[in-house]
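Structure first, then comments.
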Number of protein chains: 2
Amino acid sequence: MLNFDFYNPTQIVFGKDRIADLAKLVPAEARVLILVGGASAEKTGTLAEVRQALGTRQHETFSGIEPNPGFDTSMQAVQKVREGGFDFLLAVGGGSVIDAAKFIAAAVPFEGDAWDILLQGGRNIKAALPFGAVLTLPATGSEMNNGSVITRRDIGAKLPFRSRLLFPQFSVLDPTKTYTLPPQQLANGVVDAFVHTVEQYLTYPVNAPLQDRFAESLLQTLVDIGPRLLAAPEPDYDDRASLMWAATLALNGLIGAGVPQDWATHMMGHELTALHNIDHARTLAIVLPAMLNERRVQKRAKLLQYGERVWGIRSGNDEERITAAIDQTRDFFERMGIPTRLGAYGLGTEAIDAVIRQLEAHGMTQLGEHRDVTPAVSRRVLEAAL
Amino acid sequence: MLNFDFYNPTQIVFGKDRIADLAKLVPAEARVLILVGGASAEKTGTLAEVRQALGTRQHETFSGIEPNPGFDTSMQAVQKVREGGFDFLLAVGGGSVIDAAKFIAAAVPFEGDAWDILLQGGRNIKAALPFGAVLTLPATGSEMNNGSVITRRDIGAKLPFRSRLLFPQFSVLDPTKTYTLPPQQLANGVVDAFVHTVEQYLTYPVNAPLQDRFAESLLQTLVDIGPRLLAAPEPDYDDRASLMWAATLALNGLIGAGVPQDWATHMMGHELTALHNIDHARTLAIVLPAMLNERRVQKRAKLLQYGERVWGIRSGNDEERITAAIDQTRDFFERMGIPTRLGAYGLGTEAIDAVIRQLEAHGMTQLGEHRDVTPAVSRRVLEAAL
């Protein structure tokens, strides 16, 4: 087992009818800027619940935070916070809104050009506004971690940053708030949580059996509930709750503590989203199967363990079992309605050069748990994903 | 899944050579009272490492905190803190020392008779000194939770309390610090963590598959490493690390979030320790198998799942499989060198009345996940454990 630090002070407030708890969770004297994405938080009544819970607290709403939240949009919110004297942010939405809240929280007190926060990966953050979240879309895990990803569309860049100062103070997770989600967003959530887990699990063994089993627990649960979520004629509360808690635990620092981590698939996925606006989870479904196949030697032991424990693959020689494990992974994504080929988005060989150039421009030239995913390897992965 | 709150702000600093991190973890201006048990922290050199990391910070040591830490001993430390003007506590030891630190942290600023903290279960705690821990004995999980148990030997009482103010600010977990532990303490640690997990898992199903799998992950890991820990001619770092992390995660709030909890075995065990000074884990090994058998109807579904997933029991009818699961549990404790009968401690029928009287005196008359473990049920459990 590797040495590690684990620290996660976010309070999780989980279950039915918990939005009313905002009355206790938000400081009584706070001046609150509520952050939302499109119109759905208003339409579904969630925003009305939030406002009721805030009671007499001064509050306004900033709406329009887009999927893969943009730098420009976030900076408009920063200006509104500064001008309005708001001192608490409340993100109501999915990972994009929470990611934006983290950036806004850091940018408001930041001196200088806030884009530097992204260029430094957050290492230059010295202060941040306090903020909380009401999660409506389980997927990214942003509700219980200190990381965020912000996109600048003008230069096709999607960059991550993190800071110890950027944990939400609390996150309200009410599974019934997922009932209005379209199937595509549920499927994205399942795949996003699945790949987050894989990136912290499918590397090489370091004698950390508990971390392995926890990761396998998440994968098994997602494999069980994923197809059920899509097939159910009516939302099942417990399955929604399991998805919500699984997505949170897949990226709150727990399963990655003490083990190697990969993240090459994510870094390549970010470039595909930045260039072609493909949903984050969908880029992961394109890259992951090809990445696992490309790196079957380096990941051999864990691929065999994954095949056996998650997919029950026990027959065949090692190579056959690894192939079967990768095939099952691809098939799972496809069964969730998520394509696993670039071609599904009209992208062919001609699209690959640009992705490689962007990886190089962002310093993503030594990816993966062995730092051996060079641009040449990334190119082979994309070619295999055509 | 049940509604839940999860909040755990303790920073875990895990791995080899991490005690030096105290230099960053303890506030620079702190006046530190180090709390230790017997002579081992001094003898093994751990205390010297701690003092070196504290550098020029003012510090003194209070030693003599006994297993099942006593109210009287803790109050002596409270007096020392008040007289010496200490403002930070550093527990160096196992769960007993950390439990004592929690009580001392709460008692120093407490107005009135500090015994009331125990009588109120901690609900009357309004403030607490900050404190951290250096763990040397993995077992209780106290290093990453806000609970504690304090014993008053004069009246034979061992009572729990908790408070949101009593999470350690940090805990340093260096698995090499377990290398000097005698086998009995290692075995106690395995059994303590195992029963903590069982108390949050082996109740009744609430469609929380992820919590179930996490609990099973802990149990499987403990079953795997337990006998190896005892048999190894030299300490194995990774197995020690897995024990340490498993014991922490078994009682940090994670696996109990959103599911029913039992704790009847613990409450009965506490009385056995208070009356007969039997190691905490050893009391659990006496009570648990008899408790599971007594409540096989109420726990039926989970006993079958436990048998299959943790012990691989797949043949026989339901009753046979449940019996096999309970037998495997008892056998595991015995293989760890821990007796599972009152007789092993020279206790017979004559000892039972006193335990029941103490349970009644402490209000422990409606125990278990269904509140149906009355004194009559507790009596049958003890009779079955003779």
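Identifiers for the structure tokens are assigned positionally: chains receive A, B, ... in sequence, residues are indexed from 1 per chain, and ligands are indexed from 1 in the order shown.
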Find the residues around Lys16 in chain B up to 9 Å (only C-alpha atoms counted), leave out those fewer than 5 positions away in its own chain, and share them as number ranges by chain.
-> A: 2-3; B: 173-177
Emit the selected residues as a PDB file, in the first residue's frame, including N, CA and C atoms.
ATOM      1  N   LEU A   2       0.477   2.231  -0.778  1.00  0.00           N
ATOM      2  CA  LEU A   2       1.226   3.478  -0.831  1.00  0.00           C
ATOM      3  C   LEU A   2       0.840   4.373   0.354  1.00  0.00           C
ATOM      4  N   ASN A   3       1.763   5.263   0.741  1.00  0.00           N
ATOM      5  CA  ASN A   3       1.398   6.287   1.725  1.00  0.00           C
ATOM      6  C   ASN A   3       0.290   7.181   1.145  1.00  0.00           C
TER       7      ASN A   3
ATOM      8  N   LEU B 173      -1.379   7.461  11.011  1.00  0.00           N
ATOM      9  CA  LEU B 173      -1.483   5.995  11.026  1.00  0.00           C
ATOM     10  C   LEU B 173      -0.245   5.419  10.335  1.00  0.00           C
ATOM     11  N   ASP B 174       0.738   5.014  11.104  1.00  0.00           N
ATOM     12  CA  ASP B 174       1.948   4.410  10.554  1.00  0.00           C
ATOM     13  C   ASP B 174       1.921   2.918  10.873  1.00  0.00           C
ATOM     14  N   PRO B 175       1.687   2.076   9.853  1.00  0.00           N
ATOM     15  CA  PRO B 175       1.550   0.638  10.111  1.00  0.00           C
ATOM     16  C   PRO B 175       2.773   0.011  10.778  1.00  0.00           C
ATOM     17  N   THR B 176       3.952   0.601  10.600  1.00  0.00           N
ATOM     18  CA  THR B 176       5.145   0.000  11.233  1.00  0.00           C
ATOM     19  C   THR B 176       5.084   0.133  12.755  1.00  0.00           C
ATOM     20  N   LYS B 177       4.245   1.048  13.247  1.00  0.00           N
ATOM     21  CA  LYS B 177       4.113   1.207  14.704  1.00  0.00           C
ATOM     22  C   LYS B 177       3.389   0.026  15.345  1.00  0.00           C
TER      23      LYS B 177
END
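The shell of residues at most 10 Å from Met336 in chain B, with only C-alpha atoms counted and near chain neighbours (fewer than 6 positions) removed, consists of Pro183, Gln184, Leu186, Ala187, Asn188, Val190, Val191, Val223, Gly226, Pro227, Arg228, Leu229, Leu230, Ala231 and Arg330 of chain B.
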Within 6 Å of chain A, which residues of chain B are there when counting only C-alpha atoms? Please give them as a PyMOL selection string.
-> chain B and resi 1+3-9+11-15+213-214+217+238
Go ahead and write the residues just picked, N, CA, C and O atoms, as a JSON list (two decimals), in the first residue's frame.
[["chain", "number", "residue", "atom", "x", "y", "z"],
["B", 1, "MET", "N", -32.97, 2.42, 1.12],
["B", 1, "MET", "CA", -31.90, 3.07, 1.90],
["B", 1, "MET", "C", -32.51, 4.09, 2.85],
["B", 1, "MET", "O", -33.45, 4.80, 2.49],
["B", 3, "ASN", "N", -32.49, 7.58, 5.18],
["B", 3, "ASN", "CA", -31.85, 8.89, 5.18],
["B", 3, "ASN", "C", -30.65, 8.88, 6.11],
["B", 3, "ASN", "O", -30.62, 8.14, 7.09],
["B", 4, "PHE", "N", -29.63, 9.69, 5.80],
["B", 4, "PHE", "CA", -28.48, 9.75, 6.70],
["B", 4, "PHE", "C", -27.74, 11.07, 6.55],
["B", 4, "PHE", "O", -27.91, 11.79, 5.55],
["B", 5, "ASP", "N", -26.93, 11.38, 7.56],
["B", 5, "ASP", "CA", -25.94, 12.44, 7.49],
["B", 5, "ASP", "C", -24.57, 11.80, 7.60],
["B", 5, "ASP", "O", -24.37, 10.90, 8.43],
["B", 6, "PHE", "N", -23.65, 12.24, 6.79],
["B", 6, "PHE", "CA", -22.26, 11.79, 6.93],
["B", 6, "PHE", "C", -21.37, 13.01, 7.03],
["B", 6, "PHE", "O", -21.41, 13.89, 6.17],
["B", 7, "TYR", "N", -20.56, 13.04, 8.07],
["B", 7, "TYR", "CA", -19.64, 14.16, 8.27],
["B", 7, "TYR", "C", -18.44, 13.63, 9.02],
["B", 7, "TYR", "O", -18.60, 13.02, 10.09],
["B", 8, "ASN", "N", -17.26, 13.77, 8.44],
["B", 8, "ASN", "CA", -16.06, 13.27, 9.11],
["B", 8, "ASN", "C", -14.84, 14.08, 8.67],
["B", 8, "ASN", "O", -14.22, 13.78, 7.66],
["B", 9, "PRO", "N", -14.52, 15.13, 9.43],
["B", 9, "PRO", "CA", -13.46, 16.04, 9.00],
["B", 9, "PRO", "C", -12.05, 15.63, 9.44],
["B", 9, "PRO", "O", -11.11, 16.40, 9.22],
["B", 11, "GLN", "N", -8.43, 14.44, 9.37],
["B", 11, "GLN", "CA", -7.42, 14.21, 8.34],
["B", 11, "GLN", "C", -6.61, 12.96, 8.69],
["B", 11, "GLN", "O", -6.05, 12.87, 9.78],
["B", 12, "ILE", "N", -6.57, 12.02, 7.76],
["B", 12, "ILE", "CA", -5.78, 10.80, 7.97],
["B", 12, "ILE", "C", -4.43, 10.96, 7.27],
["B", 12, "ILE", "O", -4.37, 11.29, 6.08],
["B", 13, "VAL", "N", -3.37, 10.72, 8.01],
["B", 13, "VAL", "CA", -2.00, 10.84, 7.50],
["B", 13, "VAL", "C", -1.40, 9.45, 7.63],
["B", 13, "VAL", "O", -1.02, 9.01, 8.71],
["B", 14, "PHE", "N", -1.38, 8.72, 6.51],
["B", 14, "PHE", "CA", -1.19, 7.27, 6.55],
["B", 14, "PHE", "C", 0.12, 6.85, 5.89],
["B", 14, "PHE", "O", 0.43, 7.26, 4.78],
["B", 15, "GLY", "N", 0.87, 6.02, 6.58],
["B", 15, "GLY", "CA", 2.02, 5.39, 5.93],
["B", 15, "GLY", "C", 3.28, 5.40, 6.77],
["B", 15, "GLY", "O", 3.29, 5.80, 7.93],
["B", 213, "ARG", "N", -21.92, -4.17, 0.29],
["B", 213, "ARG", "CA", -20.66, -4.64, -0.31],
["B", 213, "ARG", "C", -19.44, -4.03, 0.39],
["B", 213, "ARG", "O", -18.40, -4.68, 0.50],
["B", 214, "PHE", "N", -19.54, -2.78, 0.80],
["B", 214, "PHE", "CA", -18.42, -2.19, 1.55],
["B", 214, "PHE", "C", -18.19, -2.96, 2.85],
["B", 214, "PHE", "O", -17.06, -3.26, 3.22],
["B", 217, "SER", "N", -16.64, -6.15, 2.10],
["B", 217, "SER", "CA", -15.22, -5.93, 1.75],
["B", 217, "SER", "C", -14.36, -5.91, 3.01],
["B", 217, "SER", "O", -13.27, -6.49, 3.05],
["B", 238, "ASP", "N", 2.21, -4.61, 4.32],
["B", 238, "ASP", "CA", 0.91, -4.41, 3.67],
["B", 238, "ASP", "C", -0.24, -4.98, 4.49],
["B", 238, "ASP", "O", -1.32, -4.39, 4.56]]
Neighbours of Gln200 in chain A within 7 Å (only C-alpha atoms; same-chain residues fewer than 6 positions away dropped), as a list in words?
-> Ile255, Gly256, Pro260, Gln261 and Asp262 of chain A
Per-residue DSSP, range 25-185 of chain B, filtered to alpha helix (DSSP H), as a PyMOL selection string = chain B and resi 25+40-43+46-54+71-84+95-107+115-119+183-185
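Within 6 Å of range 122-135 of chain A there are Phe88, Leu89, Leu90, Ala91, Val92, Gly93, Gly94, Ala105, Ala106, Phe161, Arg162, Ser163, Pro168, Gln169, Phe170, Ser171, Val172 and Leu173 of chain A, counting only C-alpha atoms and ignoring same-chain residues fewer than 6 positions away.
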Of the candidates A:Thr283, A:Gln52, A:Asn293, A:Ser148, which shows the shortest atom-to-atom distance to Val195 in chain A, using only C-alpha atoms?
->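 Once distances to Val195 in chain A are computed over only C-alpha atoms, the minimum belongs to A:Thr283.
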Could you work out how far CA of Pro138 in chain B lies from CA of Asp192 in chain B, giving the answer in Å with one decimal?
-> 9.2 Å
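You will find CA of Glu199 in chain B at 9.0 Å from CA of Gly368 in chain B.
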